[in-house]
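Text of query00.cif, listed as mmCIF, C-alpha atoms:
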data_protein
#
loop_
_atom_site.label_atom_id
_atom_site.label_comp_id
_atom_site.auth_asym_id
_atom_site.auth_seq_id
_atom_site.Cartn_x
_atom_site.Cartn_y
_atom_site.Cartn_z
CA MET A 42 -125.65 -68.62 123.77
CA LEU A 43 -123.62 -70.75 121.41
CA GLN A 44 -125.48 -73.87 122.51
CA PHE A 45 -128.76 -72.08 121.88
CA LEU A 46 -127.68 -71.14 118.38
CA LEU A 47 -126.34 -74.62 117.60
CA LYS A 48 -129.58 -76.23 118.71
CA ARG A 49 -131.52 -74.00 116.34
CA LYS A 50 -129.07 -73.91 113.44
CA SER A 51 -131.66 -75.24 110.97
CA VAL A 52 -134.11 -72.47 111.79
CA ILE A 53 -131.40 -69.82 111.69
CA LEU A 54 -129.96 -70.99 108.36
CA ILE A 55 -133.38 -71.29 106.74
CA SER A 56 -134.30 -67.83 108.04
CA ILE A 57 -131.10 -66.48 106.48
CA LEU A 58 -132.02 -68.09 103.16
CA PHE A 59 -135.46 -66.48 103.35
CA LEU A 60 -133.93 -63.11 104.13
CA ILE A 61 -131.51 -63.38 101.20
CA SER A 62 -134.23 -64.35 98.73
CA VAL A 63 -136.63 -61.61 99.88
CA THR A 64 -133.85 -59.01 99.81
CA LEU A 65 -132.81 -60.07 96.30
CA PHE A 66 -136.43 -59.93 95.16
CA ALA A 67 -137.08 -56.51 96.67
CA ARG A 68 -133.91 -55.09 95.11
CA ASN A 69 -134.52 -56.66 91.69
CA ILE A 70 -138.25 -56.10 91.37
CA GLU A 71 -137.58 -53.56 88.65
CA ARG A 72 -135.78 -55.00 85.63
CA ARG A 73 -132.06 -55.55 86.11
CA GLU A 74 -129.69 -53.73 83.80
CA SER A 75 -127.04 -56.41 83.51
CA LEU A 76 -126.48 -59.78 85.03
CA GLY A 77 -124.30 -60.12 88.07
CA TYR A 78 -121.09 -62.09 88.19
CA PHE A 79 -122.69 -65.37 89.33
CA ASP A 80 -125.60 -65.01 86.89
CA ASP A 81 -123.00 -64.58 84.16
CA ILE A 82 -121.32 -67.87 85.10
CA VAL A 83 -124.61 -69.80 85.20
CA VAL A 84 -125.69 -68.47 81.80
CA ARG A 85 -122.24 -69.14 80.29
CA VAL A 86 -122.41 -72.75 81.44
CA PHE A 87 -125.95 -73.45 80.26
CA ALA A 88 -126.24 -71.28 77.15
CA PRO A 89 -123.99 -73.44 74.90
CA PRO A 90 -125.95 -76.70 75.52
CA LEU A 91 -129.23 -74.82 75.01
CA LYS A 92 -127.92 -73.36 71.77
CA PHE A 93 -126.56 -76.69 70.58
CA SER A 94 -129.74 -78.61 71.36
CA ALA A 95 -131.90 -75.90 69.76
CA LEU A 96 -129.80 -76.19 66.60
CA PHE A 97 -129.92 -79.99 66.73
CA LEU A 98 -133.71 -80.10 67.11
CA LYS A 99 -134.12 -77.55 64.35
CA LYS A 100 -131.97 -79.61 61.95
CA ALA A 101 -133.78 -82.81 62.92
CA SER A 102 -137.11 -81.14 62.26
CA GLN A 103 -135.89 -79.90 58.88
CA LEU A 104 -134.62 -83.39 58.01
CA TRP A 105 -137.96 -84.90 58.94
CA ASN A 106 -139.84 -82.38 56.81
CA GLU A 107 -137.53 -82.89 53.85
CA TYR A 108 -137.30 -86.69 53.82
CA ALA A 109 -140.23 -88.07 55.78
CA TYR A 110 -143.08 -86.25 54.07
CA LEU A 111 -142.08 -86.86 50.41
CA VAL A 112 -145.44 -87.89 49.04
CA ASN A 113 -146.20 -87.61 45.33
CA LEU A 114 -142.71 -86.34 44.75
CA ARG A 115 -142.56 -87.29 41.06
CA SER A 116 -145.77 -85.50 40.04
CA GLU A 117 -144.83 -82.50 42.14
CA ASN A 118 -141.43 -82.49 40.44
CA ALA A 119 -143.01 -82.47 36.98
CA TYR A 120 -145.36 -79.66 37.98
CA LEU A 121 -142.46 -77.63 39.34
CA GLN A 122 -140.41 -78.16 36.20
CA ASN A 123 -143.23 -76.63 34.14
CA LEU A 124 -143.58 -73.82 36.61
CA ILE A 125 -139.86 -73.09 36.35
CA LYS A 126 -140.10 -72.72 32.59
CA THR A 127 -143.01 -70.29 32.94
CA LEU A 128 -141.22 -68.31 35.59
CA GLN A 129 -138.04 -68.16 33.55
CA LEU A 130 -139.96 -66.45 30.75
CA GLU A 131 -141.52 -64.03 33.24
CA ASN A 132 -138.10 -63.45 34.78
CA GLN A 133 -136.65 -62.35 31.47
CA VAL A 134 -139.40 -59.77 31.08
CA LEU A 135 -139.05 -58.56 34.68
CA ARG A 136 -135.28 -58.36 34.37
CA GLU A 137 -135.63 -55.95 31.51
CA GLU A 138 -138.11 -53.90 33.50
CA GLY A 139 -135.69 -53.95 36.44
CA VAL A 140 -132.92 -52.58 34.29
CA GLU A 141 -135.17 -49.80 33.14
CA ASN A 142 -136.22 -49.10 36.72
CA ARG A 143 -132.62 -48.84 37.84
CA ARG A 144 -131.83 -46.52 35.03
CA LEU A 145 -134.73 -44.24 35.87
CA ARG A 146 -133.84 -44.21 39.57
CA GLU A 147 -130.28 -43.23 38.76
CA LEU A 148 -131.61 -40.46 36.59
CA LEU A 149 -133.68 -39.20 39.51
CA ALA A 150 -130.65 -39.58 41.84
CA PHE A 151 -132.76 -41.70 44.18
CA LYS A 152 -130.69 -43.14 47.03
CA LYS A 153 -131.88 -46.16 48.94
CA LYS A 154 -130.18 -47.33 52.10
CA LEU A 155 -131.04 -49.20 55.24
CA PRO A 156 -131.57 -46.71 58.05
CA TYR A 157 -129.99 -48.91 60.69
CA THR A 158 -127.62 -51.84 61.23
CA LEU A 159 -129.06 -55.26 61.98
CA ILE A 160 -127.44 -58.31 63.54
CA PRO A 161 -129.13 -61.72 63.43
CA ALA A 162 -129.58 -63.76 66.59
CA GLU A 163 -130.84 -67.27 67.31
CA ILE A 164 -133.34 -67.93 70.04
CA ILE A 165 -131.71 -70.47 72.34
CA GLY A 166 -134.17 -70.42 75.22
CA ARG A 167 -137.58 -69.27 76.34
CA ASP A 168 -138.68 -68.13 79.75
CA PRO A 169 -138.91 -71.25 81.97
CA SER A 170 -141.67 -69.52 83.91
CA SER A 171 -145.05 -68.98 82.27
CA TRP A 172 -145.54 -65.77 84.24
CA PHE A 173 -143.05 -63.85 82.17
CA ARG A 174 -142.56 -63.67 78.44
CA THR A 175 -138.93 -63.39 77.53
CA LEU A 176 -136.50 -64.95 75.09
CA LEU A 177 -132.85 -65.87 75.50
CA ILE A 178 -130.80 -65.05 72.39
CA ASP A 179 -127.22 -65.91 71.51
CA LYS A 180 -125.86 -62.38 71.12
CA GLY A 181 -124.54 -60.23 73.94
CA SER A 182 -122.31 -57.30 74.82
CA ALA A 183 -119.44 -58.87 72.90
CA ASP A 184 -121.54 -58.39 69.73
CA GLY A 185 -122.48 -54.80 70.54
CA VAL A 186 -125.84 -55.52 72.12
CA ARG A 187 -127.02 -53.03 74.74
CA ARG A 188 -130.04 -52.72 76.97
CA GLY A 189 -133.09 -51.22 75.29
CA LEU A 190 -132.24 -52.17 71.71
CA ALA A 191 -135.16 -53.16 69.50
CA VAL A 192 -135.50 -56.77 68.44
CA ILE A 193 -137.40 -57.29 65.20
CA THR A 194 -138.15 -59.68 62.39
CA ALA A 195 -139.11 -58.94 58.80
CA LEU A 196 -142.72 -58.70 59.99
CA GLY A 197 -142.20 -56.23 62.78
CA LEU A 198 -141.25 -55.60 66.38
CA VAL A 199 -140.65 -58.55 68.70
CA GLY A 200 -139.57 -56.71 71.83
CA GLN A 201 -136.65 -55.01 73.55
CA VAL A 202 -133.39 -56.22 75.05
CA PHE A 203 -133.64 -55.86 78.82
CA GLU A 204 -130.70 -57.88 80.14
CA VAL A 205 -127.30 -58.26 78.54
CA ASN A 206 -124.61 -60.82 79.25
CA ARG A 207 -121.32 -61.14 77.45
CA ASN A 208 -122.57 -63.73 74.91
CA THR A 209 -126.30 -63.87 75.52
CA SER A 210 -129.14 -61.45 76.12
CA LYS A 211 -132.72 -61.55 77.27
CA VAL A 212 -135.50 -60.01 75.23
CA LEU A 213 -138.70 -58.74 76.82
CA LEU A 214 -141.49 -59.58 74.40
CA LEU A 215 -144.02 -57.01 73.32
CA VAL A 216 -146.80 -59.13 74.84
CA ASP A 217 -145.24 -59.23 78.32
CA GLY A 218 -147.11 -57.26 80.97
CA ASP A 219 -144.02 -55.19 81.74
CA SER A 220 -143.48 -54.11 78.16
CA ALA A 221 -144.41 -50.49 77.37
CA ILE A 222 -143.49 -48.88 74.06
CA ASP A 223 -144.33 -45.47 72.64
CA VAL A 224 -146.16 -45.88 69.33
CA LEU A 225 -148.48 -44.15 66.89
CA THR A 226 -150.97 -45.24 64.26
CA GLN A 227 -149.63 -45.02 60.75
CA ARG A 228 -152.78 -43.55 59.21
CA SER A 229 -153.97 -40.94 61.68
CA ARG A 230 -150.73 -40.51 63.72
CA ALA A 231 -152.62 -41.02 66.97
CA LYS A 232 -150.09 -41.48 69.77
CA GLY A 233 -150.22 -43.93 72.63
CA ILE A 234 -148.27 -46.44 74.68
CA ILE A 235 -148.61 -50.10 73.82
CA GLU A 236 -148.44 -52.53 76.70
CA GLY A 237 -148.58 -56.30 76.92
CA GLY A 238 -151.98 -57.72 77.74
CA ALA A 239 -153.40 -60.94 79.09
CA GLY A 240 -153.19 -63.19 76.08
CA ASP A 241 -151.51 -62.69 72.76
CA LEU A 242 -152.93 -59.20 72.22
CA CYS A 243 -151.59 -55.86 73.42
CA GLU A 244 -153.41 -52.79 74.65
CA LEU A 245 -152.83 -49.30 73.37
CA HIS A 246 -153.17 -46.92 76.30
CA TYR A 247 -153.55 -43.14 76.60
CA VAL A 248 -155.23 -42.68 73.22
CA ALA A 249 -157.62 -39.77 73.62
CA LYS A 250 -161.23 -40.31 72.57
CA THR A 251 -160.86 -37.49 70.07
CA GLU A 252 -158.20 -39.42 68.15
CA ASP A 253 -159.17 -41.19 64.94
CA VAL A 254 -158.36 -44.89 65.43
CA ASN A 255 -160.11 -47.62 63.46
CA ILE A 256 -159.92 -51.39 63.26
CA GLY A 257 -157.23 -52.32 60.75
CA ASP A 258 -154.97 -49.36 61.47
CA VAL A 259 -151.30 -50.25 61.49
CA VAL A 260 -149.39 -49.30 64.63
CA ILE A 261 -145.71 -48.34 64.35
CA THR A 262 -143.00 -47.22 66.76
CA SER A 263 -142.84 -43.47 67.25
CA GLY A 264 -139.08 -43.25 67.81
CA LEU A 265 -139.61 -40.83 70.70
CA ASN A 266 -137.43 -42.64 73.21
CA GLU A 267 -134.39 -42.45 70.86
CA VAL A 268 -133.63 -46.13 71.38
CA LEU A 269 -136.32 -47.76 69.27
CA PRO A 270 -136.13 -46.57 65.67
CA LYS A 271 -139.17 -44.89 64.24
CA GLY A 272 -141.43 -46.70 61.83
CA ILE A 273 -141.06 -50.33 62.90
CA VAL A 274 -144.38 -52.12 62.54
CA VAL A 275 -145.78 -53.15 65.89
CA GLY A 276 -149.17 -54.56 65.00
CA GLU A 277 -152.70 -53.95 63.80
CA VAL A 278 -155.68 -52.54 65.66
CA VAL A 279 -158.30 -55.27 66.18
CA ARG A 280 -160.69 -53.63 68.62
CA VAL A 281 -161.69 -50.07 69.47
CA ASP A 282 -164.10 -49.04 72.19
CA LYS A 283 -164.86 -45.35 72.67
CA ASN A 284 -167.88 -45.88 74.88
CA ASN A 285 -165.93 -46.77 78.02
CA SER A 286 -165.63 -44.35 80.90
CA GLY A 287 -162.61 -42.07 81.18
CA PHE A 288 -160.69 -39.81 78.82
CA PHE A 289 -159.09 -42.53 76.74
CA GLN A 290 -160.48 -45.04 74.29
CA PHE A 291 -159.83 -48.74 74.66
CA VAL A 292 -157.72 -50.04 71.79
CA GLU A 293 -156.55 -53.59 71.34
CA VAL A 294 -153.67 -54.40 69.01
CA LYS A 295 -152.66 -57.71 67.52
CA PRO A 296 -148.85 -57.87 67.29
CA ALA A 297 -147.42 -58.25 63.81
CA VAL A 298 -145.06 -60.98 65.01
CA ASP A 299 -146.23 -64.26 66.51
CA SER A 300 -143.52 -64.72 69.11
CA SER A 301 -144.44 -68.37 69.74
CA LYS A 302 -143.16 -69.33 66.28
CA LEU A 303 -139.87 -67.43 66.34
CA GLU A 304 -136.54 -69.14 65.85
CA GLU A 305 -134.38 -66.24 64.71
CA VAL A 306 -134.58 -62.50 65.25
CA LEU A 307 -132.72 -59.35 64.25
CA ILE A 308 -131.30 -56.85 66.71
CA VAL A 309 -131.31 -53.22 65.65
CA LEU A 310 -127.99 -51.60 66.44
CA LYS A 311 -127.87 -47.81 66.37
CA MET B 99 -122.54 -82.84 99.64
CA GLY B 100 -122.34 -85.29 96.75
CA ASN B 101 -126.10 -85.86 96.90
CA CYS B 102 -126.70 -82.10 96.77
CA VAL B 103 -124.57 -81.82 93.66
CA VAL B 104 -126.46 -84.65 91.95
CA ILE B 105 -129.81 -83.10 92.90
CA LEU B 106 -128.67 -79.72 91.58
CA LEU B 107 -127.60 -81.32 88.31
CA VAL B 108 -130.99 -83.03 87.98
CA GLY B 109 -132.66 -79.72 88.75
CA PHE B 110 -130.71 -77.90 86.08
CA VAL B 111 -131.49 -80.61 83.54
CA LEU B 112 -135.19 -80.11 84.29
CA LEU B 113 -134.70 -76.36 84.00
CA PHE B 114 -132.97 -76.89 80.67
CA ILE B 115 -135.96 -78.92 79.42
CA GLN B 116 -138.34 -76.28 80.75
CA SER B 117 -136.53 -73.45 78.93
CA HIS B 118 -136.03 -75.18 75.62
CA PRO B 119 -137.42 -73.10 72.76
CA LEU B 120 -138.32 -75.92 70.41
CA LEU B 121 -140.23 -78.36 72.58
CA PRO B 122 -143.95 -78.72 71.74
CA TYR B 123 -145.39 -76.86 74.70
CA ALA B 124 -143.16 -73.86 73.97
CA LYS B 125 -145.56 -72.69 71.26
CA SER B 126 -148.45 -72.19 73.68
CA GLY B 127 -146.48 -69.83 75.88
CA LEU B 128 -147.38 -72.01 78.87
CA ARG B 129 -144.94 -74.52 80.17
CA PRO B 130 -144.90 -77.06 83.02
CA ASP B 131 -142.92 -76.10 86.09
CA LEU B 132 -140.72 -79.20 86.21
CA VAL B 133 -138.47 -77.73 88.88
CA LEU B 134 -141.54 -77.39 91.11
CA VAL B 135 -142.05 -81.15 90.79
CA LEU B 136 -138.47 -81.72 91.92
CA VAL B 137 -138.88 -79.30 94.83
CA THR B 138 -142.02 -81.15 95.95
CA TYR B 139 -140.23 -84.47 95.60
CA LEU B 140 -137.34 -83.24 97.71
CA GLY B 141 -139.67 -81.95 100.38
CA ALA B 142 -141.41 -85.31 100.59
CA HIS B 143 -138.20 -87.33 100.56
CA PRO B 144 -137.22 -88.73 103.98
CA GLY B 145 -133.50 -88.68 103.14
CA ILE B 146 -133.27 -84.95 102.44
CA LYS B 147 -132.18 -82.83 105.40
CA PRO B 148 -133.81 -79.43 105.99
CA ILE B 149 -130.66 -77.33 105.60
CA GLY B 150 -129.28 -79.12 102.57
CA GLY B 151 -132.69 -79.25 100.93
CA SER B 152 -133.32 -75.57 101.62
CA VAL B 153 -130.00 -74.56 100.09
CA VAL B 154 -130.61 -76.75 97.03
CA VAL B 155 -134.11 -75.42 96.34
CA SER B 156 -132.91 -71.83 96.86
CA ILE B 157 -130.18 -72.40 94.28
CA LEU B 158 -132.70 -73.97 91.89
CA GLY B 159 -134.94 -70.95 92.33
CA TYR B 160 -131.98 -68.73 91.58
CA GLY B 161 -131.28 -70.77 88.44
CA VAL B 162 -134.88 -70.30 87.25
CA ALA B 163 -134.58 -66.54 87.80
CA VAL B 164 -131.33 -66.34 85.84
CA PHE B 165 -133.03 -67.77 82.74
CA SER B 166 -136.35 -66.12 83.37
CA GLY B 167 -137.58 -62.55 83.26
CA SER B 168 -138.56 -62.89 86.91
CA PRO B 169 -136.78 -60.81 89.55
CA LEU B 170 -133.94 -62.56 91.34
CA GLY B 171 -135.05 -63.97 94.62
CA LEU B 172 -138.69 -64.57 93.69
CA TYR B 173 -138.38 -68.23 92.84
CA SER B 174 -135.81 -68.83 95.59
CA PHE B 175 -138.40 -67.57 98.05
CA ILE B 176 -141.27 -69.52 96.48
CA TYR B 177 -139.43 -72.83 96.24
CA LEU B 178 -138.14 -72.45 99.80
CA VAL B 179 -141.67 -71.92 101.10
CA LEU B 180 -142.99 -74.89 99.13
CA PHE B 181 -140.13 -77.16 100.23
CA LEU B 182 -140.75 -76.37 103.89
CA PHE B 183 -144.52 -76.73 103.44
CA VAL B 184 -144.13 -80.21 101.96
CA ARG B 185 -141.66 -81.14 104.72
CA LEU B 186 -144.26 -80.10 107.24
CA LEU B 187 -146.84 -82.35 105.56
CA ARG B 188 -144.32 -85.21 105.60
CA THR B 189 -144.36 -85.18 109.40
CA LEU B 190 -148.13 -85.82 109.25
CA PHE B 191 -148.62 -88.08 106.24
CA VAL B 192 -146.80 -90.75 104.25
CA LEU B 193 -145.83 -89.18 100.95
CA GLN B 194 -144.13 -91.78 98.82
CA GLN B 195 -146.69 -92.95 96.27
CA ILE B 196 -146.69 -91.32 92.86
CA SER B 197 -150.41 -90.50 93.09
CA VAL B 198 -149.97 -88.80 96.47
CA LEU B 199 -146.93 -86.90 95.24
CA THR B 200 -148.81 -85.79 92.13
CA PHE B 201 -151.61 -84.48 94.33
CA LEU B 202 -148.98 -82.71 96.39
CA VAL B 203 -147.55 -81.14 93.22
CA THR B 204 -151.05 -79.84 92.44
CA ILE B 205 -151.26 -78.21 95.86
CA SER B 206 -147.74 -76.83 95.47
CA GLY B 207 -148.71 -75.42 92.07
CA VAL B 208 -151.71 -73.66 93.58
CA LEU B 209 -149.53 -72.28 96.36
CA GLU B 210 -146.93 -71.17 93.86
CA GLY B 211 -149.60 -69.26 91.95
CA GLY B 212 -150.78 -67.70 95.18
CA LEU B 213 -147.28 -66.63 96.15
CA VAL B 214 -146.60 -65.11 92.73
CA PHE B 215 -149.92 -63.29 92.96
CA LEU B 216 -149.04 -61.99 96.40
CA ALA B 217 -145.54 -60.93 95.39
CA PHE B 218 -146.74 -59.02 92.36
CA TRP B 219 -149.79 -57.57 94.04
CA THR B 220 -147.56 -56.23 96.79
CA PHE B 221 -144.51 -55.05 94.87
CA HIS B 222 -145.17 -54.80 91.18
CA TYR B 223 -148.82 -54.33 90.41
CA SER B 224 -149.68 -53.54 86.78
CA SER B 225 -153.02 -52.97 85.08
CA GLY B 226 -152.94 -56.21 83.12
CA PHE B 227 -151.91 -58.35 86.06
CA PHE B 228 -155.26 -59.96 86.88
CA SER B 229 -155.97 -61.02 83.32
CA MET B 230 -152.40 -62.31 82.96
CA PHE B 231 -152.76 -64.28 86.18
CA ASN B 232 -156.02 -65.84 85.03
CA ARG B 233 -154.47 -66.84 81.73
CA VAL B 234 -151.29 -68.35 83.13
CA PHE B 235 -152.32 -69.91 86.44
CA ILE B 236 -154.68 -72.64 85.25
CA GLY B 237 -152.67 -73.45 82.13
CA GLN B 238 -149.36 -73.80 83.93
CA LEU B 239 -150.93 -75.83 86.74
CA PHE B 240 -152.54 -78.17 84.22
CA PHE B 241 -149.30 -78.76 82.32
CA THR B 242 -147.33 -79.25 85.54
CA VAL B 243 -149.78 -81.83 86.91
CA VAL B 244 -149.80 -83.70 83.58
CA PHE B 245 -146.01 -84.01 83.56
CA ALA B 246 -145.64 -84.59 87.32
CA PRO B 247 -146.22 -88.38 87.46
CA PHE B 248 -143.63 -89.00 84.77
CA ILE B 249 -141.05 -86.76 86.39
CA ILE B 250 -141.67 -88.32 89.80
CA ALA B 251 -141.39 -91.85 88.39
CA ALA B 252 -138.15 -90.89 86.64
CA LEU B 253 -136.75 -89.39 89.82
CA GLN B 254 -137.63 -92.51 91.82
CA ARG B 255 -136.06 -94.73 89.16
CA PHE B 256 -132.96 -92.56 89.11
CA GLU B 257 -132.73 -92.69 92.87
CA ASN B 258 -132.93 -96.51 92.78
CA VAL B 259 -130.13 -96.66 90.26
CA ILE B 260 -127.96 -94.39 92.38
CA GLU B 261 -128.77 -96.45 95.47
CA LYS B 262 -127.83 -99.72 93.79
CA ASN B 263 -124.55 -98.36 92.51
CA LYS B 264 -123.51 -96.24 95.47
CA ASN B 265 -120.84 -98.73 96.49
CA LEU B 266 -119.22 -98.61 93.10
CA ASN B 267 -116.24 -96.38 92.59
CA LEU B 268 -117.27 -93.94 89.89
CA PHE B 269 -113.69 -93.55 88.76
CA ALA B 270 -113.30 -97.32 88.40
CA LEU B 271 -116.40 -97.32 86.22
CA LEU B 272 -114.74 -94.74 84.01
CA GLY B 273 -111.50 -96.77 83.93
CA ILE B 274 -109.54 -94.18 85.92
CA SER B 275 -107.11 -95.41 88.59
CA VAL B 276 -107.36 -93.21 91.69
CA PRO B 277 -105.62 -94.04 95.00
CA LEU B 278 -108.24 -94.52 97.69
CA ARG B 279 -107.95 -92.53 100.91
CA LYS B 280 -106.94 -94.66 103.89
CA ALA B 281 -109.72 -95.07 106.45
CA LYS B 282 -109.14 -93.18 109.70
CA GLN B 283 -108.01 -95.40 112.57
#
Can the structure from this file be put into structure tokens for me?
Amino acid sequence: MLQFLLKRKSVILISILFLISVTLFARNIERRESLGYFDDIVVRVFAPPLKFSALFLKKASQLWNEYAYLVNLRSENAYLQNLIKTLQLENQVLREEGVENRRLRELLAFKKKLPYTLIPAEIIGRDPSSWFRTLLIDKGSADGVRRGLAVITALGLVGQVFEVNRNTSKVLLLVDGDSAIDVLTQRSRAKGIIEGGAGDLCELHYVAKTEDVNIGDVVITSGLNEVLPKGIVVGEVVRVDKNNSGFFQFVEVKPAVDSSKLEEVLIVLK
Amino acid sequence: MGNCVVILLVGFVLLFIQSHPLLPYAKSGLRPDLVLVLVTYLGAHPGIKPIGGSVVVSILGYGVAVFSGSPLGLYSFIYLVLFLFVRLLRTLFVLQQISVLTFLVTISGVLEGGLVFLAFWTFHYSSGFFSMFNRVFIGQLFFTVVFAPFIIAALQRFENVIEKNKNLNLFALLGISVPLRKAKQ
């Protein structure tokens, strides 16, 4: 028996490797909540060089833009000097109006505050596989990041955190096929679920044909799942088709944020 | 063992390049599968043993999954299949020229797409899957094939350098004095 096994050790070992990989795949086919111990070690080893090289390339690119493309600098400088003088005059007028504005707001007891806490994060890696659309950011559980938190920029929603490590996290982009977020249109309050599509557009599903949705409507988060805050801009409706079969109209949404150009994001902490 | 470690390091460097957020192809959302090129190269290499090679490509697949949104095990499975497939071809054909290896990478890329399709069709079907597959498959294959000859040439050059210097004591190169083990009688 032993001789038989030793003669076929290659086949047996390769079969074991197949079994392990298929088992891992079958168990992890739904998104993982947190990385395992070994995943944690791999990410901890490779995240710092990724972060460092991302920073280095970013600085090099900035240096190139600042010093290598200085054409017509003198004339541009003179133009800017004149512009500064004009703006300074405007600034003085606006400053006075600002003071008046503040005074009136205080009179009306108007309070303005940010509804949630934000932490900035750098993008240190993108999904090495083209089949999935995720980002690796440099904030993790040590910074208070949890699964499901919204990731945004000043323009709108980028995605959701779906895996958290101690010092890094993975963000599932809005345009990924597995992304599904409850939203509504800002104008008509038509509800639906936005899912990632084929290209850079998303599809708004489960919008009844009786709902009033037009091209140009802004789509925002509905806040129904209690994790994503309400009112974050998701995108703009670019196509509506009510003539298709079924109960729901076909709505295509262009995300507000172009994820291919991102370098930093903000994580919304509750 | 030492060769496996070097191969793994090369694999992780390629993975690092593949994942980098600021490289030009990152903007398109499509990126070349450089690790696939390495897996194909290993499969075609006469000096790589089946067990060692299988373990290495499984670990590389695991590494891709750690940095990717893909489920753990998917790429381990895919790279293992591709490695064994190329090994099978090696018993029938001579696979050492860059052009032949590049063609082999193309076939591996098609197979990889097919395996991903099969895995998702079977376990994780979603409504947008077909359109996503159409968008990604051709683009990724194109980028991978474009980069493949350069990666293969670099790997062959690296292998030649390692081969030429294999008799050198690495520690001596670094200026570190280490007592050598006595040869067994």
**Item:** Explicit residue set for the PyMOL selection byres ((chain B and resi 131) around 12), as a ChimeraX atom specification
**Value:** /A:168-172 /B:109,112-117,123,128-130,132-138,158-159,162,173,177,203-204,206-208,210-211,234-235,237-246,249
List, as an mmCIF file with C-alpha atoms, in the frame of the given file, every residue that the PyMOL selection byres ((chain A and resi 268-275) around 8) selects in the file provided.
data_model
loop_
_atom_site.group_PDB
_atom_site.id
_atom_site.type_symbol
_atom_site.label_atom_id
_atom_site.label_comp_id
_atom_site.auth_asym_id
_atom_site.auth_seq_id
_atom_site.Cartn_x
_atom_site.Cartn_y
_atom_site.Cartn_z
ATOM 1 C CA GLY A 189 -133.090 -51.220 75.290
ATOM 2 C CA LEU A 190 -132.240 -52.170 71.710
ATOM 3 C CA ALA A 191 -135.160 -53.160 69.500
ATOM 4 C CA LEU A 196 -142.720 -58.700 59.990
ATOM 5 C CA GLY A 197 -142.200 -56.230 62.780
ATOM 6 C CA LEU A 198 -141.250 -55.600 66.380
ATOM 7 C CA VAL A 199 -140.650 -58.550 68.700
ATOM 8 C CA VAL A 259 -151.300 -50.250 61.490
ATOM 9 C CA VAL A 260 -149.390 -49.300 64.630
ATOM 10 C CA ILE A 261 -145.710 -48.340 64.350
ATOM 11 C CA THR A 262 -143.000 -47.220 66.760
ATOM 12 C CA SER A 263 -142.840 -43.470 67.250
ATOM 13 C CA GLY A 264 -139.080 -43.250 67.810
ATOM 14 C CA LEU A 265 -139.610 -40.830 70.700
ATOM 15 C CA ASN A 266 -137.430 -42.640 73.210
ATOM 16 C CA GLU A 267 -134.390 -42.450 70.860
ATOM 17 C CA GLY A 276 -149.170 -54.560 65.000
ATOM 18 C CA GLU A 277 -152.700 -53.950 63.800
ATOM 19 C CA PRO A 296 -148.850 -57.870 67.290
ATOM 20 C CA ALA A 297 -147.420 -58.250 63.810
ATOM 21 C CA VAL A 298 -145.060 -60.980 65.010
ATOM 22 C CA LYS A 311 -127.870 -47.810 66.370
#
**Request:** Name the residues in contact with stretch 282-295 of chain A at a cut-off of 8 Å, using only C-alpha atoms, excluding same-chain residues fewer than 5 positions from it; report them as a PyMOL selection string.
**Result:** chain A and resi 241-250+260+276-277
**chain A contacts to chain B at 6 Å (only C-alpha atoms) as a ChimeraX atom specification** = /A:51,62-63,65-66,69-70,80,166-169,171,173,175,238-239,301
**Request:** Determine the nearest neighbour of A:Glu304 from the options A:Val86, A:Val224, A:Ile234, A:Ala95, counting all atoms listed in the file.
**Result:** A:Ala95
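The gap separating atom CA of A:Ala221 from atom CA of A:Ile164 is 21.9 Å, in Å to one decimal.
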**Message:** Suppose a student applies the PyMOL selection byres ((chain A and resi 231) around 7) to this structure; what residues should they get, written as number ranges by chain?
**Reply:** A: 225-226, 229-230, 232-233, 248, 252-253
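Note that the spacing between atom CA of B:Ile146 and atom CA of B:Lys262 amounts to 18.0 Å.
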**Request:** In Å, rounded to a single decimal, give me how far atom CA of B:Val108 is from atom CA of A:Lys50.
**Result:**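 If I compute the distance from atom CA of A:Lys50 to atom CA of B:Val108, I get 27.1 Å.
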**Message:** Here is a test: counting only C-alpha atoms, which residue of A:Leu98, A:Leu60, A:Ala67, A:Leu310 is nearest to A:Val186?
**Reply:** A:Leu310
**Request:** Check the smallest atom-to-atom distance from each of A:Leu43, A:Ile256, A:Val202, A:Ile160 to A:Arg228 using only C-alpha atoms, then report the winner.
**Result:**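 Under the stated criterion, the closest residue is A:Ile256.
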**Asked** Which neighbours of B:Ala251 fall inside 12 Å, counting all atoms listed in the file, when residues of the same chain fewer than 3 positions from it are skipped, and could you give them as a PyMOL selection string?
**Response** chain B and resi 135-136+139+194-197+199-200+245-248+254-258
